file query-v5.csv (CSV, C-alpha atoms)
chain,number,residue,atom,x,y,z
A,219,GLY,CA,37.8,7.2,-1.6
A,220,LEU,CA,34.5,8.5,-3.0
A,221,PRO,CA,34.3,9.4,-6.7
A,222,SER,CA,34.6,13.1,-7.8
A,223,THR,CA,32.7,12.8,-11.1
A,224,PHE,CA,29.4,11.4,-12.2
A,225,THR,CA,28.9,8.3,-14.4
A,226,ASN,CA,26.2,5.9,-15.2
A,227,SER,CA,25.2,2.9,-13.0
A,228,SER,CA,26.7,0.3,-15.2
A,229,GLU,CA,30.2,1.9,-15.1
A,230,ARG,CA,30.1,2.5,-11.4
A,231,SER,CA,28.9,-1.1,-10.9
A,232,TYR,CA,31.8,-2.4,-12.8
A,233,GLU,CA,34.3,-0.3,-10.8
A,234,LEU,CA,32.9,-1.6,-7.6
A,235,MET,CA,32.2,-5.3,-8.3
A,236,ARG,CA,33.6,-6.0,-11.8
A,237,ASP,CA,30.0,-6.7,-12.7
A,238,GLU,CA,28.2,-4.0,-14.7
A,239,LYS,CA,24.8,-5.4,-13.8
A,240,TRP,CA,25.3,-5.6,-10.0
A,241,ILE,CA,23.7,-2.2,-9.1
A,242,ASP,CA,20.7,-2.3,-11.4
A,243,GLU,CA,19.9,-6.0,-11.7
A,244,LYS,CA,21.5,-7.9,-8.8
A,245,GLY,CA,20.4,-6.0,-5.7
A,246,GLY,CA,23.4,-3.7,-5.5
A,247,LYS,CA,21.3,-0.5,-5.4
A,248,ALA,CA,19.3,-1.7,-2.3
A,249,ILE,CA,22.6,-2.6,-0.5
A,250,LEU,CA,24.2,0.7,-1.3
A,251,GLU,CA,21.1,2.6,-0.1
A,252,LYS,CA,20.9,0.6,3.1
A,253,ILE,CA,24.5,1.6,4.0
A,254,ASN,CA,23.9,5.2,2.9
A,255,LEU,CA,26.4,5.0,0.0
A,256,PHE,CA,24.3,5.2,-3.1
A,257,ASP,CA,23.8,8.9,-3.1
A,258,LYS,CA,27.5,9.5,-2.5
A,259,LEU,CA,28.7,7.5,-5.5
A,260,LYS,CA,27.6,10.1,-8.1
A,261,ILE,CA,25.6,7.7,-10.1
A,262,MET,CA,23.5,9.3,-12.8
A,263,LYS,CA,20.6,7.6,-14.5
A,264,SER,CA,21.3,7.0,-18.2
A,265,PRO,CA,18.2,8.0,-20.2
A,266,ASP,CA,17.0,5.9,-23.1
A,267,PRO,CA,18.3,7.2,-26.5
A,268,LEU,CA,16.0,9.8,-28.1
A,269,MET,CA,14.1,8.3,-31.0
A,270,PHE,CA,13.5,10.6,-34.0
A,271,ALA,CA,13.5,10.9,-37.8
A,272,ILE,CA,15.6,13.6,-39.4
A,273,ASN,CA,14.9,16.1,-42.2
A,274,PRO,CA,18.4,16.3,-43.8
A,275,ASN,CA,17.5,19.4,-45.8
A,276,LYS,CA,17.0,21.3,-42.5
A,277,LEU,CA,19.8,19.7,-40.5
A,278,LEU,CA,22.4,20.7,-43.1
A,279,SER,CA,21.1,24.2,-43.8
A,280,ASN,CA,23.4,25.9,-41.2
A,281,GLN,CA,20.4,27.8,-39.7
A,282,ARG,CA,20.3,29.1,-36.2
A,283,VAL,CA,16.8,28.0,-35.2
A,284,TYR,CA,15.8,24.3,-35.5
A,285,GLU,CA,12.2,23.2,-35.1
A,286,HIS,CA,11.2,19.8,-33.7
A,287,LEU,CA,7.8,18.1,-33.2
A,288,ILE,CA,7.3,15.5,-30.5
A,289,VAL,CA,4.3,13.1,-30.8
A,290,GLU,CA,3.3,10.8,-28.0
A,291,ASN,CA,2.2,7.7,-29.9
A,292,LYS,CA,3.8,5.4,-32.4
A,293,ALA,CA,0.8,5.4,-34.8
A,294,THR,CA,1.0,9.2,-35.0
A,295,TYR,CA,4.7,9.1,-35.5
A,296,SER,CA,4.2,6.7,-38.4
A,297,GLY,CA,1.5,8.8,-39.8
A,298,LEU,CA,3.6,11.9,-40.0
A,299,ILE,CA,7.0,10.7,-40.9
A,300,ASP,CA,6.3,10.8,-44.7
A,301,SER,CA,5.6,14.5,-44.4
A,302,LEU,CA,8.7,15.5,-42.5
A,303,SER,CA,10.7,16.4,-45.6
A,304,THR,CA,7.9,18.8,-46.8
A,305,THR,CA,8.0,20.8,-43.6
A,306,ASN,CA,10.4,23.3,-42.0
A,307,PHE,CA,11.0,20.9,-39.1
A,308,THR,CA,14.4,19.3,-38.5
A,309,THR,CA,13.1,16.3,-36.6
A,310,LEU,CA,10.0,14.3,-35.8
A,311,ILE,CA,10.4,12.8,-32.3
A,312,TYR,CA,8.7,9.7,-30.9
A,313,GLY,CA,7.9,10.6,-27.3
A,314,SER,CA,6.7,7.1,-26.1
A,315,GLY,CA,4.8,8.5,-23.1
A,316,TRP,CA,6.9,9.6,-20.1
A,317,LYS,CA,10.2,8.3,-21.6
A,318,ILE,CA,10.5,11.6,-23.4
A,319,ALA,CA,11.0,13.4,-20.1
A,320,SER,CA,14.5,12.1,-19.7
A,321,SER,CA,15.6,11.3,-23.3
A,322,LEU,CA,14.8,14.8,-24.6
A,323,SER,CA,17.9,16.1,-22.9
A,324,GLN,CA,20.0,14.3,-25.5
A,325,LEU,CA,18.5,16.1,-28.6
A,326,SER,CA,21.4,18.5,-29.3
A,327,LYS,CA,24.1,15.9,-28.7
A,328,GLN,CA,22.5,13.2,-30.9
A,329,LEU,CA,22.0,15.7,-33.7
A,330,GLY,CA,25.5,17.1,-33.3
A,331,LEU,CA,24.1,20.6,-32.8
A,332,THR,CA,25.9,21.7,-29.7
A,333,ASP,CA,26.7,25.3,-30.6
A,334,LYS,CA,25.5,27.6,-27.8
A,335,GLU,CA,24.1,30.1,-30.4
A,336,GLU,CA,21.8,27.5,-32.0
A,337,GLN,CA,18.2,27.5,-30.8
A,338,HIS,CA,15.7,24.7,-30.7
A,339,GLU,CA,12.0,25.3,-30.9
A,340,ILE,CA,10.3,22.1,-29.7
A,341,TYR,CA,6.6,21.4,-30.0
A,342,TYR,CA,4.5,18.7,-28.4
A,343,PHE,CA,1.4,16.9,-29.5
A,344,GLY,CA,0.0,14.1,-27.3
A,345,ASP,CA,-3.3,12.5,-26.4
A,346,LEU,CA,-5.8,15.0,-25.0
A,347,ASP,CA,-6.2,13.4,-21.6
A,348,TYR,CA,-4.9,14.1,-18.1
A,349,GLU,CA,-1.8,12.0,-18.7
A,350,GLY,CA,-0.9,13.7,-22.0
A,351,ILE,CA,-1.4,17.2,-20.5
A,352,SER,CA,0.8,16.3,-17.5
A,353,ILE,CA,3.6,15.1,-19.9
A,354,TYR,CA,3.3,18.3,-21.9
A,355,PHE,CA,3.4,20.5,-18.8
A,356,HIS,CA,6.5,18.7,-17.4
A,357,LEU,CA,8.3,19.2,-20.7
A,358,TYR,CA,7.2,22.9,-20.7
A,359,GLU,CA,8.7,23.4,-17.2
A,360,LYS,CA,11.9,21.5,-17.9
A,361,TYR,CA,12.6,22.4,-21.6
A,362,ASN,CA,10.2,25.2,-22.4
A,363,VAL,CA,8.5,23.0,-25.0
A,364,LYS,CA,5.6,24.6,-26.8
A,365,LEU,CA,2.1,23.1,-27.5
A,366,ALA,CA,1.4,22.1,-31.0
A,367,GLN,CA,-2.0,23.7,-30.6
A,368,CYS,CA,-3.2,23.2,-34.2
A,369,PHE,CA,-3.5,19.4,-33.8
A,370,TYR,CA,-5.5,19.7,-30.6
A,371,GLU,CA,-7.9,22.2,-32.2
A,372,ALA,CA,-8.5,19.8,-35.1
A,373,MET,CA,-9.3,16.9,-32.6
A,374,LEU,CA,-11.8,19.1,-30.8
A,375,ARG,CA,-13.9,19.3,-33.9
A,376,LYS,CA,-14.6,15.6,-33.6
A,377,PRO,CA,-16.5,13.5,-31.0
A,378,PHE,CA,-14.5,12.5,-28.0
A,379,TYR,CA,-14.0,8.9,-26.7
A,380,LYS,CA,-14.9,7.7,-23.2
A,381,GLY,CA,-13.0,5.5,-20.8
A,382,LYS,CA,-10.3,7.4,-18.9
A,383,GLU,CA,-11.8,7.4,-15.4
A,384,ASN,CA,-8.6,6.5,-13.5
A,385,GLN,CA,-6.1,9.1,-14.6
A,386,THR,CA,-4.9,11.7,-12.1
A,387,ARG,CA,-5.7,15.4,-12.8
A,388,ASN,CA,-2.9,17.9,-12.3
A,389,GLU,CA,-4.9,21.1,-11.8
A,390,VAL,CA,-1.9,23.4,-12.5
A,391,ALA,CA,-1.1,21.5,-15.7
A,392,VAL,CA,-4.7,21.5,-16.9
A,393,GLN,CA,-5.1,25.3,-16.3
A,394,HIS,CA,-1.9,26.0,-18.2
A,395,PHE,CA,-3.0,23.8,-21.0
A,396,LEU,CA,-6.5,25.5,-21.3
A,397,HIS,CA,-5.0,29.0,-21.6
A,398,TYR,CA,-3.9,28.2,-25.1
A,399,PHE,CA,-7.5,27.8,-26.3
A,400,GLY,CA,-10.4,30.1,-26.8
A,401,LYS,CA,-13.5,30.1,-24.6
A,402,GLU,CA,-15.5,27.8,-26.8
A,403,ASP,CA,-12.7,25.2,-27.0
A,404,GLN,CA,-12.1,25.5,-23.2
A,405,GLU,CA,-15.8,24.6,-22.7
A,406,ILE,CA,-15.5,21.6,-25.0
A,407,ILE,CA,-12.5,20.3,-23.1
A,408,ALA,CA,-14.1,20.9,-19.7
A,409,ALA,CA,-17.3,19.1,-20.8
A,410,MET,CA,-15.2,16.2,-22.2
A,411,PHE,CA,-13.4,15.7,-18.8
A,412,GLN,CA,-16.7,15.9,-16.9
A,413,GLU,CA,-17.8,12.8,-18.9
A,414,ASN,CA,-14.5,11.0,-18.4
A,415,GLY,CA,-13.7,11.5,-22.0
A,416,TYR,CA,-10.5,11.9,-23.9
A,417,TYR,CA,-9.1,12.4,-27.4
A,418,PRO,CA,-6.4,9.9,-28.6
A,419,GLN,CA,-4.0,11.2,-31.2
A,420,GLU,CA,-5.4,8.5,-33.5
A,421,ALA,CA,-8.6,10.6,-33.7
A,422,LEU,CA,-6.8,12.4,-36.6
A,423,THR,CA,-6.3,10.5,-39.8
A,424,LYS,CA,-3.0,10.3,-41.6
A,425,GLU,CA,-4.2,12.7,-44.2
A,426,GLU,CA,-5.4,15.2,-41.6
A,427,LEU,CA,-2.1,15.0,-39.8
A,428,HIS,CA,-0.2,15.7,-43.0
A,429,THR,CA,-2.4,18.6,-43.9
A,430,ILE,CA,-2.3,20.3,-40.5
A,431,TRP,CA,1.5,19.9,-40.2
A,432,ARG,CA,2.2,21.3,-43.7
A,433,ASN,CA,-0.3,24.1,-43.6
A,434,THR,CA,0.2,25.6,-40.1
A,435,LEU,CA,2.1,28.8,-39.8
A,436,TRP,CA,4.5,27.9,-37.0
A,437,THR,CA,5.7,30.9,-35.0
A,438,HIS,CA,8.6,31.4,-32.6
A,439,ASN,CA,7.0,32.6,-29.3
call {"tool": "encode", "arguments": {"input": "query-v5.csv", "output": "structure tokens"}}
result
Amino acid sequence: GLPSTFTNSSERSYELMRDEKWIDEKGGKAILEKINLFDKLKIMKSPDPLMFAINPNKLLSNQRVYEHLIVENKATYSGLIDSLSTTNFTTLIYGSGWKIASSLSQLSKQLGLTDKEEQHEIYYFGDLDYEGISIYFHLYEKYNVKLAQCFYEAMLRKPFYKGKENQTRNEVAVQHFLHYFGKEDQEIIAAMFQENGYYPQEALTKEELHTIWRNTLWTHN
């Protein structure tokens, strides 16, 4: 008979063929789809583990609201990690582009914070380009992630870079992103996009990242 519970592809593959790689790596998925069985086998995709650094002072404080900061790029993660213990944040999360979209679901489980009364305030800081905005908007819709606006405002005080002509613009995501900023900054962002420009996270130095993170008044909203 067909299974009644969900499991990952490796486990289901082993049940079927005694080979945990058959579905994902040896053509099994294509065969199951061709005979209309794949969707009936209750196979869930296993996301990559969430990658983060922990502030033990906050993790062990028995508080009810835990704050987390996601950064898109490895260089920014490395630049901020030394400041984590001086902030009110529980974790600094490495987003690694779109990977964060599936792995963020594991945050509470990996931290061992699964009490339903506990709250998680999650902020996102990525590249200021169409791709980064789309990632943020997806996280906002799926997990109610907030924008780490202070970092973007600091980037807008600098010259933008050029060279992102081929990214796709998600108009709904862009308009949602823009509403966080005042009229002057909205005009700067619009002018930047007109010239195929973008701001990478690396536009901010390590010292600037540290100062912004420590000195910003983060609010629950």
call {"tool": "residues_around", "arguments": {"input": "query-v5.csv", "residues": "Glu238 in chain A", "least_positions_apart": "4", "cutoff": "6 Å", "atoms": "all atoms listed in the file", "output": "PDB file with C-alpha atoms, keeping the file's coordinate frame"}}
result
ATOM      1  CA  SER A 228      26.700   0.300 -15.200  1.00  0.00           C
ATOM      2  CA  SER A 231      28.900  -1.100 -10.900  1.00  0.00           C
ATOM      3  CA  TYR A 232      31.800  -2.400 -12.800  1.00  0.00           C
TER       4      TYR A 232
END
call {"tool": "residues_around", "arguments": {"input": "query-v5.csv", "residues": "range 392-402 of chain A", "least_positions_apart": "6", "cutoff": "8 Å", "atoms": "all atoms listed in the file", "output": "list in words"}}
result
Tyr348, Ile351, Ser352, Phe355 and Gln367 of chain A
call {"tool": "closest_residue", "arguments": {"input": "query-v5.csv", "among": "A:Ile299, A:Val363, A:Leu259, A:Leu422", "to": "Ala319 in chain A", "atoms": "all atoms listed in the file"}}
result
A:Val363
call {"tool": "closest_residue", "arguments": {"input": "query-v5.csv", "among": "A:Asp242, A:Glu420, A:Glu371, A:Glu251", "to": "Ala293 in chain A", "atoms": "all atoms listed in the file"}}
result
A:Glu420
call {"tool": "residues_around", "arguments": {"input": "query-v5.csv", "residues": "Leu325 in chain A", "least_positions_apart": "6", "cutoff": "10 Å", "atoms": "all atoms listed in the file", "output": "list in words"}}
result
Pro267, Leu268, Met269, Phe270, His286, Thr309, Ile311, Leu331, Thr332 and His338 of chain A
call {"tool": "atom_distance", "arguments": {"input": "query-v5.csv", "atom1": "CA of Arg387 in chain A", "atom2": "CA of Glu349 in chain A"}}
result
7.8 Å
call {"tool": "closest_residue", "arguments": {"input": "query-v5.csv", "among": "A:Leu365, A:Val289, A:Ala421, A:Ile241", "to": "Leu310 in chain A", "atoms": "all atoms listed in the file"}}
result
A:Val289
call {"tool": "closest_residue", "arguments": {"input": "query-v5.csv", "among": "A:Ser301, A:Gln328, A:Thr294, A:Thr308", "to": "Asn273 in chain A", "atoms": "all atoms listed in the file"}}
result
A:Thr308
call {"tool": "atom_distance", "arguments": {"input": "query-v5.csv", "atom1": "CA of Phe307 in chain A", "atom2": "CA of Cys368 in chain A"}}
result
15.2 Å
call {"tool": "closest_residue", "arguments": {"input": "query-v5.csv", "among": "A:Ile272, A:Met235, A:Leu220, A:Ala409", "to": "Asp257 in chain A", "atoms": "all atoms listed in the file"}}
result
A:Leu220
call {"tool": "residues_around", "arguments": {"input": "query-v5.csv", "residues": "Phe256 in chain A", "least_positions_apart": "4", "cutoff": "12 Å", "atoms": "all atoms listed in the file", "output": "list in words"}}
result
Leu220, Pro221, Ser227, Arg230, Ser231, Leu234, Ile241, Asp242, Gly246, Lys247, Ala248, Ile249, Leu250, Glu251, Lys252, Lys260, Ile261 and Met262 of chain A
call {"tool": "closest_atom_pairs", "arguments": {"input": "query-v5.csv", "of": "range 343-385 of chain A", "to": "range 424-429 of chain A", "cutoff": "12 Å", "atoms": "all atoms listed in the file", "output": "tab-separated table"}}
result
residue	atom	partner	partner_atom	distance
A:Phe343	CA	A:Leu427	CA	11.0
A:Ala366	CA	A:Leu427	CA	11.8
A:Cys368	CA	A:Leu427	CA	10.0
A:Phe369	CA	A:Leu427	CA	7.6
A:Tyr370	CA	A:Leu427	CA	10.9
A:Glu371	CA	A:Leu427	CA	12.0
A:Ala372	CA	A:Glu426	CA	8.5
A:Met373	CA	A:Glu426	CA	10.0
call {"tool": "write_last_selection", "arguments": {"input": "query-v5.csv", "atoms": "C-alpha atoms", "output": "PDB file, keeping the file's coordinate frame"}}
result
ATOM      1  CA  PHE A 343       1.400  16.900 -29.500  1.00  0.00           C
ATOM      2  CA  ALA A 366       1.400  22.100 -31.000  1.00  0.00           C
ATOM      3  CA  CYS A 368      -3.200  23.200 -34.200  1.00  0.00           C
ATOM      4  CA  PHE A 369      -3.500  19.400 -33.800  1.00  0.00           C
ATOM      5  CA  TYR A 370      -5.500  19.700 -30.600  1.00  0.00           C
ATOM      6  CA  GLU A 371      -7.900  22.200 -32.200  1.00  0.00           C
ATOM      7  CA  ALA A 372      -8.500  19.800 -35.100  1.00  0.00           C
ATOM      8  CA  MET A 373      -9.300  16.900 -32.600  1.00  0.00           C
TER       9      MET A 373
END
call {"tool": "residues_around", "arguments": {"input": "query-v5.csv", "residues": "range 376-385 of chain A", "least_positions_apart": "5", "cutoff": "10 Å", "atoms": "all atoms listed in the file", "output": "VMD selection string"}}
result
chain A and resid 346 to 349 371 406 to 407 410 to 418 421 to 422
call {"tool": "closest_residue", "arguments": {"input": "query-v5.csv", "among": "A:Asn388, A:Thr223, A:Ser279, A:Ser321", "to": "Gly350 in chain A", "atoms": "only C-alpha atoms"}}
result
A:Asn388
call {"tool": "atom_distance", "arguments": {"input": "query-v5.csv", "atom1": "CA of Arg432 in chain A", "atom2": "CA of Leu287 in chain A"}}
result
12.3 Å
